[in-house]
Amino acid sequence: MALIVRKDLRLSAGKVAVQCSHAAVSCALIARKSEPRLMERWQSSGGRKISLAIDSLESLKEIMGKAKSAGLITHLVKDAGHTEVPPSTITVLGIGPAPKSSINALTGELKPY
Amino acid sequence: MGLRSFIHRLTAPKMYDIIDKHPLKLVLVINNDLKMGKGKIAAQVGHASVTATLKAGENNPSSLDSWLKSGQKKVCLKSSYDELMQLESEAKINGIQTVKITDAGKTQIPSGSLTVIAFGPDNEDKLHDLTGHLKLL
């Protein structure tokens, strides 16, 4: 599972952690329903996750479009805006769980957050 | 829908009543003794959240449901290893669900280090009593 964080928002470490968790939980719940076998494989191999950085909302949406057309599970996290950012700001995109190769094909150029 | 569940739906308390009266949250406390990068922390906290969610789904599906419906509120705090162990035993006494995450040690830190403990999802006040003194990350 890849968690892609918008670094242009300059969120605090704790906020990033929480936003990534939202994405991870939502993706996992979607996967449990729609692709239970994949979900089980992912979990039994340690529920691997990686957080990556992206520098704009446009690039994030572009990756989301590609992931969707590749048939991968995606979840976009919109913040309620109680703390650091205005309401409905898009903060993190979660992709997967999916085979490593399909995630790498989309996110290979991104740097770890 | 059967007749019985139809009647239940009419008479049962509404979900939002439960949410309003008992706001739930998930508290994630990281081990600040380890010097982990921001991205590493994010992934570890992600592990803890997913595991806590799935565990709550098995043990307490109704509270998991109201937590998810009320926006899956999460807070991330920091603490030391010793304090984390103490908090974990206090949580167990109070019947709060805990999930401990230890790292496989492939990247930044030694294998088997405790990185984060998730407390909940549980009643906000109950969690505040336990972790209210800790600092935000």
# chains A, B, ... in the order shown; residues from 1 in each chain; ligands from 1

call {"tool": "residues_around", "arguments": {"residues": "Ile103 in chain A", "least_positions_apart": "3", "cutoff": "10 Å", "atoms": "only C-alpha atoms", "output": "ChimeraX atom specification"}}
result
/A:1-2,67,70,72,95-100,106-108

call {"tool": "write_last_selection", "arguments": {"atoms": "C-alpha atoms", "output": "PDB file, in the first residue's frame"}}
result
ATOM      1  CA  MET A   1       0.000   0.000   0.000  1.00  0.00           C
ATOM      2  CA  ALA A   2       1.305   3.435  -0.921  1.00  0.00           C
ATOM      3  CA  ALA A  67      -4.350   4.164 -10.446  1.00  0.00           C
ATOM      4  CA  ALA A  70      -5.336   0.437 -13.696  1.00  0.00           C
ATOM      5  CA  LEU A  72      -6.383  -0.342  -8.188  1.00  0.00           C
ATOM      6  CA  ILE A  95      -3.322   3.300  -3.206  1.00  0.00           C
ATOM      7  CA  GLY A  96      -3.660  -0.426  -2.659  1.00  0.00           C
ATOM      8  CA  PRO A  97      -3.180  -2.937  -1.235  1.00  0.00           C
ATOM      9  CA  ALA A  98      -1.963  -3.993  -4.676  1.00  0.00           C
ATOM     10  CA  PRO A  99       0.944  -5.988  -6.137  1.00  0.00           C
ATOM     11  CA  LYS A 100       4.257  -4.225  -5.612  1.00  0.00           C
ATOM     12  CA  LEU A 106       2.730   4.440 -10.757  1.00  0.00           C
ATOM     13  CA  THR A 107       4.851   5.816  -7.950  1.00  0.00           C
ATOM     14  CA  GLY A 108       8.368   4.812  -8.942  1.00  0.00           C
TER      15      GLY A 108
END

call {"tool": "residues_around", "arguments": {"residues": "Ala28 in chain A", "least_positions_apart": "6", "cutoff": "12 Å", "atoms": "only C-alpha atoms", "output": "PDB file with N, CA and C atoms, in the first residue's frame"}}
result
ATOM      1  N   MET A   1       0.842  -1.188   0.000  1.00  0.00           N
ATOM      2  CA  MET A   1       0.000   0.000   0.000  1.00  0.00           C
ATOM      3  C   MET A   1       0.882   1.244   0.000  1.00  0.00           C
ATOM      4  N   ALA A   2       0.549   2.185  -0.882  1.00  0.00           N
ATOM      5  CA  ALA A   2       1.305   3.435  -0.921  1.00  0.00           C
ATOM      6  C   ALA A   2       0.441   4.565  -0.386  1.00  0.00           C
ATOM      7  N   SER A  21      -3.037   7.488   8.270  1.00  0.00           N
ATOM      8  CA  SER A  21      -3.836   6.434   8.901  1.00  0.00           C
ATOM      9  C   SER A  21      -5.240   6.409   8.352  1.00  0.00           C
ATOM     10  N   HIS A  22      -5.830   7.595   8.155  1.00  0.00           N
ATOM     11  CA  HIS A  22      -7.167   7.644   7.569  1.00  0.00           C
ATOM     12  C   HIS A  22      -7.163   6.910   6.234  1.00  0.00           C
ATOM     13  N   SER A  34     -14.033  -5.634  -1.258  1.00  0.00           N
ATOM     14  CA  SER A  34     -14.015  -5.885  -2.696  1.00  0.00           C
ATOM     15  C   SER A  34     -12.990  -6.934  -3.108  1.00  0.00           C
ATOM     16  N   GLU A  35     -11.868  -7.021  -2.373  1.00  0.00           N
ATOM     17  CA  GLU A  35     -10.860  -8.004  -2.763  1.00  0.00           C
ATOM     18  C   GLU A  35     -10.290  -8.726  -1.544  1.00  0.00           C
ATOM     19  N   PRO A  36     -11.139  -9.549  -0.893  1.00  0.00           N
ATOM     20  CA  PRO A  36     -10.730 -10.179   0.360  1.00  0.00           C
ATOM     21  C   PRO A  36      -9.449 -11.028   0.254  1.00  0.00           C
ATOM     22  N   LEU A  38      -6.845 -10.636  -1.810  1.00  0.00           N
ATOM     23  CA  LEU A  38      -5.693  -9.740  -1.906  1.00  0.00           C
ATOM     24  C   LEU A  38      -5.380  -9.151  -0.533  1.00  0.00           C
ATOM     25  N   MET A  39      -6.441  -8.752   0.167  1.00  0.00           N
ATOM     26  CA  MET A  39      -6.322  -8.165   1.499  1.00  0.00           C
ATOM     27  C   MET A  39      -5.622  -9.135   2.448  1.00  0.00           C
ATOM     28  N   GLU A  40      -6.024 -10.423   2.356  1.00  0.00           N
ATOM     29  CA  GLU A  40      -5.441 -11.426   3.236  1.00  0.00           C
ATOM     30  C   GLU A  40      -3.953 -11.624   2.948  1.00  0.00           C
ATOM     31  N   TRP A  42      -1.950  -9.452   1.650  1.00  0.00           N
ATOM     32  CA  TRP A  42      -1.236  -8.241   2.071  1.00  0.00           C
ATOM     33  C   TRP A  42      -1.004  -8.277   3.580  1.00  0.00           C
ATOM     34  N   GLN A  43      -2.065  -8.636   4.318  1.00  0.00           N
ATOM     35  CA  GLN A  43      -1.958  -8.656   5.776  1.00  0.00           C
ATOM     36  C   GLN A  43      -0.973  -9.702   6.260  1.00  0.00           C
ATOM     37  N   GLY A  47       1.383  -6.401   6.020  1.00  0.00           N
ATOM     38  CA  GLY A  47       0.664  -5.154   5.748  1.00  0.00           C
ATOM     39  C   GLY A  47       1.589  -4.025   5.349  1.00  0.00           C
ATOM     40  N   ARG A  48       2.456  -4.320   4.387  1.00  0.00           N
ATOM     41  CA  ARG A  48       3.502  -3.362   4.020  1.00  0.00           C
ATOM     42  C   ARG A  48       2.930  -2.022   3.544  1.00  0.00           C
ATOM     43  N   LYS A  49       3.519  -0.948   4.061  1.00  0.00           N
ATOM     44  CA  LYS A  49       3.090   0.408   3.682  1.00  0.00           C
ATOM     45  C   LYS A  49       4.309   1.270   3.433  1.00  0.00           C
ATOM     46  N   ILE A  73      -7.289  -0.094  -5.963  1.00  0.00           N
ATOM     47  CA  ILE A  73      -8.076   0.554  -4.915  1.00  0.00           C
ATOM     48  C   ILE A  73      -7.429   1.893  -4.584  1.00  0.00           C
ATOM     49  N   THR A  74      -8.233   2.965  -4.543  1.00  0.00           N
ATOM     50  CA  THR A  74      -7.682   4.259  -4.141  1.00  0.00           C
ATOM     51  C   THR A  74      -8.612   4.888  -3.112  1.00  0.00           C
ATOM     52  N   HIS A  75      -8.029   5.728  -2.269  1.00  0.00           N
ATOM     53  CA  HIS A  75      -8.865   6.533  -1.369  1.00  0.00           C
ATOM     54  C   HIS A  75      -8.198   7.885  -1.158  1.00  0.00           C
ATOM     55  N   GLY A  94      -4.309   7.282  -0.761  1.00  0.00           N
ATOM     56  CA  GLY A  94      -3.904   5.908  -0.477  1.00  0.00           C
ATOM     57  C   GLY A  94      -4.130   5.058  -1.715  1.00  0.00           C
ATOM     58  N   ILE A  95      -3.151   4.237  -2.095  1.00  0.00           N
ATOM     59  CA  ILE A  95      -3.322   3.300  -3.206  1.00  0.00           C
ATOM     60  C   ILE A  95      -3.009   1.889  -2.717  1.00  0.00           C
ATOM     61  N   GLY A  96      -3.904   0.966  -3.014  1.00  0.00           N
ATOM     62  CA  GLY A  96      -3.660  -0.426  -2.659  1.00  0.00           C
ATOM     63  C   GLY A  96      -4.524  -0.853  -1.481  1.00  0.00           C
ATOM     64  N   PRO A  97      -4.263  -2.030  -0.898  1.00  0.00           N
ATOM     65  CA  PRO A  97      -3.180  -2.937  -1.235  1.00  0.00           C
ATOM     66  C   PRO A  97      -3.252  -3.449  -2.678  1.00  0.00           C
ATOM     67  N   ALA A  98      -2.068  -3.531  -3.297  1.00  0.00           N
ATOM     68  CA  ALA A  98      -1.963  -3.993  -4.676  1.00  0.00           C
ATOM     69  C   ALA A  98      -0.578  -4.602  -4.848  1.00  0.00           C
TER      70      ALA A  98
ATOM     71  N   GLY B  46       0.039   4.123  10.469  1.00  0.00           N
ATOM     72  CA  GLY B  46      -0.887   3.449   9.546  1.00  0.00           C
ATOM     73  C   GLY B  46      -1.072   1.985   9.909  1.00  0.00           C
ATOM     74  N   HIS B  47       0.036   1.280  10.190  1.00  0.00           N
ATOM     75  CA  HIS B  47      -0.045  -0.133  10.621  1.00  0.00           C
ATOM     76  C   HIS B  47      -0.952  -0.242  11.839  1.00  0.00           C
ATOM     77  N   SER B  49      -3.235   1.786  13.009  1.00  0.00           N
ATOM     78  CA  SER B  49      -4.646   2.117  12.772  1.00  0.00           C
ATOM     79  C   SER B  49      -5.389   0.982  12.085  1.00  0.00           C
ATOM     80  N   VAL B  50      -4.756   0.427  11.052  1.00  0.00           N
ATOM     81  CA  VAL B  50      -5.421  -0.656  10.328  1.00  0.00           C
ATOM     82  C   VAL B  50      -5.632  -1.853  11.248  1.00  0.00           C
ATOM     83  N   THR B  51      -4.601  -2.205  12.028  1.00  0.00           N
ATOM     84  CA  THR B  51      -4.725  -3.353  12.922  1.00  0.00           C
ATOM     85  C   THR B  51      -5.794  -3.099  13.980  1.00  0.00           C
ATOM     86  N   ALA B  52      -5.807  -1.888  14.549  1.00  0.00           N
ATOM     87  CA  ALA B  52      -6.805  -1.561  15.573  1.00  0.00           C
ATOM     88  C   ALA B  52      -8.217  -1.629  14.994  1.00  0.00           C
ATOM     89  N   THR B  53      -8.369  -1.137  13.747  1.00  0.00           N
ATOM     90  CA  THR B  53      -9.680  -1.152  13.106  1.00  0.00           C
ATOM     91  C   THR B  53     -10.178  -2.583  12.912  1.00  0.00           C
ATOM     92  N   LEU B  54      -9.297  -3.435  12.398  1.00  0.00           N
ATOM     93  CA  LEU B  54      -9.718  -4.807  12.115  1.00  0.00           C
ATOM     94  C   LEU B  54     -10.001  -5.572  13.405  1.00  0.00           C
TER      95      LEU B  54
END

call {"tool": "residues_around", "arguments": {"residues": "Leu9 in chain A", "least_positions_apart": "2", "cutoff": "9 Å", "atoms": "only C-alpha atoms", "output": "list in words"}}
result
Arg6, Lys7, Leu11, Asp55, Ser56, Val85 and Thr91 of chain A

call {"tool": "residues_around", "arguments": {"residues": "Leu34 in chain B", "least_positions_apart": "3", "cutoff": "8 Å", "atoms": "only C-alpha atoms", "output": "PyMOL selection string"}}
result
chain B and resi 31+109+115

call {"tool": "write_last_selection", "arguments": {"atoms": "C-alpha atoms", "output": "short mmCIF file (atom, residue, chain, number, x, y, z; two decimals), in the first residue's frame"}}
result
data_model
loop_
_atom_site.label_atom_id
_atom_site.label_comp_id
_atom_site.auth_asym_id
_atom_site.auth_seq_id
_atom_site.Cartn_x
_atom_site.Cartn_y
_atom_site.Cartn_z
CA ASN B 31 7.80 5.84 20.91
CA ILE B 109 15.73 1.20 13.31
CA THR B 115 7.31 1.99 17.41
#

call {"tool": "interface_residues", "arguments": {"of": "chain A", "to": "chain B", "cutoff": "7 Å", "atoms": "only C-alpha atoms", "output": "ChimeraX atom specification"}}
result
/A:13-14,16-18,20-21,24-25,28,49-51,112-113

call {"tool": "write_last_selection", "arguments": {"atoms": "N, CA and C atoms", "output": "PDB file, in the first residue's frame"}}
result
ATOM      1  N   ALA A  13       4.319  16.573  11.598  1.00  0.00           N
ATOM      2  CA  ALA A  13       4.539  15.124  11.528  1.00  0.00           C
ATOM      3  C   ALA A  13       3.329  14.353  12.045  1.00  0.00           C
ATOM      4  N   GLY A  14       2.745  14.854  13.129  1.00  0.00           N
ATOM      5  CA  GLY A  14       1.603  14.159  13.722  1.00  0.00           C
ATOM      6  C   GLY A  14       0.389  14.186  12.802  1.00  0.00           C
ATOM      7  N   VAL A  16       0.455  14.484   9.520  1.00  0.00           N
ATOM      8  CA  VAL A  16       0.723  13.580   8.396  1.00  0.00           C
ATOM      9  C   VAL A  16       0.432  12.141   8.798  1.00  0.00           C
ATOM     10  N   ALA A  17       0.890  11.770  10.010  1.00  0.00           N
ATOM     11  CA  ALA A  17       0.690  10.401  10.482  1.00  0.00           C
ATOM     12  C   ALA A  17      -0.799  10.080  10.531  1.00  0.00           C
ATOM     13  N   VAL A  18      -1.580  10.995  11.082  1.00  0.00           N
ATOM     14  CA  VAL A  18      -3.010  10.765  11.225  1.00  0.00           C
ATOM     15  C   VAL A  18      -3.697  10.701   9.854  1.00  0.00           C
ATOM     16  N   CYS A  20      -2.370   9.839   6.998  1.00  0.00           N
ATOM     17  CA  CYS A  20      -1.982   8.568   6.376  1.00  0.00           C
ATOM     18  C   CYS A  20      -2.792   7.418   6.958  1.00  0.00           C
ATOM     19  N   SER A  21      -3.037   7.488   8.270  1.00  0.00           N
ATOM     20  CA  SER A  21      -3.836   6.434   8.901  1.00  0.00           C
ATOM     21  C   SER A  21      -5.240   6.409   8.352  1.00  0.00           C
ATOM     22  N   ALA A  24      -5.028   4.690   5.123  1.00  0.00           N
ATOM     23  CA  ALA A  24      -4.741   3.264   5.269  1.00  0.00           C
ATOM     24  C   ALA A  24      -5.973   2.494   5.732  1.00  0.00           C
ATOM     25  N   VAL A  25      -6.668   3.041   6.732  1.00  0.00           N
ATOM     26  CA  VAL A  25      -7.858   2.358   7.250  1.00  0.00           C
ATOM     27  C   VAL A  25      -8.927   2.271   6.159  1.00  0.00           C
ATOM     28  N   ALA A  28      -7.992  -0.228   3.491  1.00  0.00           N
ATOM     29  CA  ALA A  28      -8.082  -1.595   4.011  1.00  0.00           C
ATOM     30  C   ALA A  28      -9.534  -2.052   4.087  1.00  0.00           C
ATOM     31  N   LYS A  49       3.519  -0.948   4.061  1.00  0.00           N
ATOM     32  CA  LYS A  49       3.090   0.408   3.682  1.00  0.00           C
ATOM     33  C   LYS A  49       4.309   1.270   3.433  1.00  0.00           C
ATOM     34  N   ILE A  50       4.148   2.215   2.518  1.00  0.00           N
ATOM     35  CA  ILE A  50       5.218   3.180   2.314  1.00  0.00           C
ATOM     36  C   ILE A  50       4.592   4.559   2.149  1.00  0.00           C
ATOM     37  N   SER A  51       5.221   5.567   2.772  1.00  0.00           N
ATOM     38  CA  SER A  51       4.694   6.920   2.601  1.00  0.00           C
ATOM     39  C   SER A  51       5.605   7.675   1.643  1.00  0.00           C
ATOM     40  N   PRO A 112      10.515   8.935  -0.942  1.00  0.00           N
ATOM     41  CA  PRO A 112       9.921   8.647   0.366  1.00  0.00           C
ATOM     42  C   PRO A 112       9.702   9.951   1.142  1.00  0.00           C
ATOM     43  N   TYR A 113       8.607   9.999   1.893  1.00  0.00           N
ATOM     44  CA  TYR A 113       8.311  11.215   2.648  1.00  0.00           C
ATOM     45  C   TYR A 113       9.231  11.326   3.856  1.00  0.00           C
TER      46      TYR A 113
END

call {"tool": "atom_distance", "arguments": {"atom1": "CA of Ile54 in chain A", "atom2": "CA of Gly105 in chain B"}}
result
25.2 Å

call {"tool": "select_by_dssp", "arguments": {"residues": "range 61-126 of chain B", "states": "helix (DSSP H, G or I)", "output": "PyMOL selection string"}}
result
chain B and resi 61-69+81-93+124-126

call {"tool": "select_by_dssp", "arguments": {"residues": "range 1-77 of chain B", "states": "strand (DSSP E or B)", "output": "ChimeraX atom specification"}}
result
/B:24-31,74-77

call {"tool": "write_last_selection", "arguments": {"atoms": "C-alpha atoms", "output": "mmCIF file, in the first residue's frame"}}
result
data_model
loop_
_atom_site.group_PDB
_atom_site.id
_atom_site.type_symbol
_atom_site.label_atom_id
_atom_site.label_comp_id
_atom_site.auth_asym_id
_atom_site.auth_seq_id
_atom_site.Cartn_x
_atom_site.Cartn_y
_atom_site.Cartn_z
ATOM 1 C CA LEU B 24 -15.100 7.913 20.076
ATOM 2 C CA LYS B 25 -11.503 8.346 19.064
ATOM 3 C CA LEU B 26 -8.388 6.376 18.329
ATOM 4 C CA VAL B 27 -5.233 7.541 20.097
ATOM 5 C CA LEU B 28 -1.871 6.655 18.572
ATOM 6 C CA VAL B 29 1.168 7.123 20.786
ATOM 7 C CA ILE B 30 4.591 6.878 19.189
ATOM 8 C CA ASN B 31 7.803 5.842 20.910
ATOM 9 C CA LYS B 74 -7.523 10.013 15.357
ATOM 10 C CA VAL B 75 -4.937 11.787 17.472
ATOM 11 C CA CYS B 76 -1.199 11.247 17.343
ATOM 12 C CA LEU B 77 0.849 11.766 20.537
#

call {"tool": "closest_residue", "arguments": {"among": "A:Leu93, A:Asp8, A:Leu29, A:Ser101", "to": "Glu62 in chain A", "atoms": "only C-alpha atoms"}}
result
A:Leu93

call {"tool": "residues_around", "arguments": {"residues": "Leu52 in chain A", "least_positions_apart": "6", "cutoff": "7 Å", "atoms": "only C-alpha atoms", "output": "PDB file with N, CA and C atoms, in the first residue's frame"}}
result
ATOM      1  N   LEU A   3       1.034   5.403   0.465  1.00  0.00           N
ATOM      2  CA  LEU A   3       0.340   6.556   1.020  1.00  0.00           C
ATOM      3  C   LEU A   3       1.071   7.791   0.515  1.00  0.00           C
ATOM      4  N   ILE A   4       0.412   8.551  -0.339  1.00  0.00           N
ATOM      5  CA  ILE A   4       1.103   9.668  -0.983  1.00  0.00           C
ATOM      6  C   ILE A   4       0.667  10.977  -0.333  1.00  0.00           C
ATOM      7  N   VAL A   5       1.633  11.667   0.251  1.00  0.00           N
ATOM      8  CA  VAL A   5       1.362  12.854   1.069  1.00  0.00           C
ATOM      9  C   VAL A   5       1.705  14.118   0.294  1.00  0.00           C
ATOM     10  N   LEU A 110       8.416   8.882  -7.288  1.00  0.00           N
ATOM     11  CA  LEU A 110       8.228   9.681  -6.066  1.00  0.00           C
ATOM     12  C   LEU A 110       9.262   9.326  -5.012  1.00  0.00           C
ATOM     13  N   LYS A 111       9.590  10.337  -4.174  1.00  0.00           N
ATOM     14  CA  LYS A 111      10.567  10.099  -3.104  1.00  0.00           C
ATOM     15  C   LYS A 111       9.849   9.719  -1.816  1.00  0.00           C
ATOM     16  N   PRO A 112      10.515   8.935  -0.942  1.00  0.00           N
ATOM     17  CA  PRO A 112       9.921   8.647   0.366  1.00  0.00           C
ATOM     18  C   PRO A 112       9.702   9.951   1.142  1.00  0.00           C
ATOM     19  N   TYR A 113       8.607   9.999   1.893  1.00  0.00           N
ATOM     20  CA  TYR A 113       8.311  11.215   2.648  1.00  0.00           C
ATOM     21  C   TYR A 113       9.231  11.326   3.856  1.00  0.00           C
TER      22      TYR A 113
END

call {"tool": "residues_around", "arguments": {"residues": "Gln19 in chain A", "least_positions_apart": "5", "cutoff": "8 Å", "atoms": "only C-alpha atoms", "output": "list in words"}}
result
Val77, Asp79, Thr91 and Val92 of chain A

call {"tool": "closest_residue", "arguments": {"among": "B:Leu10, B:Trp67, B:Leu114, B:Met36", "to": "Asp82 in chain B", "atoms": "only C-alpha atoms"}}
result
B:Leu114

call {"tool": "closest_residue", "arguments": {"among": "A:Ile90, A:Arg37, A:Gly46, A:Glu84", "to": "Lys61 in chain A", "atoms": "only C-alpha atoms"}}
result
A:Ile90

call {"tool": "closest_residue", "arguments": {"among": "B:Lys69, B:Lys135, B:Lys55, B:Lys126", "to": "Gln97 in chain B", "atoms": "only C-alpha atoms"}}
result
B:Lys55

call {"tool": "residues_around", "arguments": {"residues": "range 92-96 of chain B", "least_positions_apart": "2", "cutoff": "6 Å", "atoms": "only C-alpha atoms", "output": "NGL selection string"}}
result
:B and (89-90 or 120)
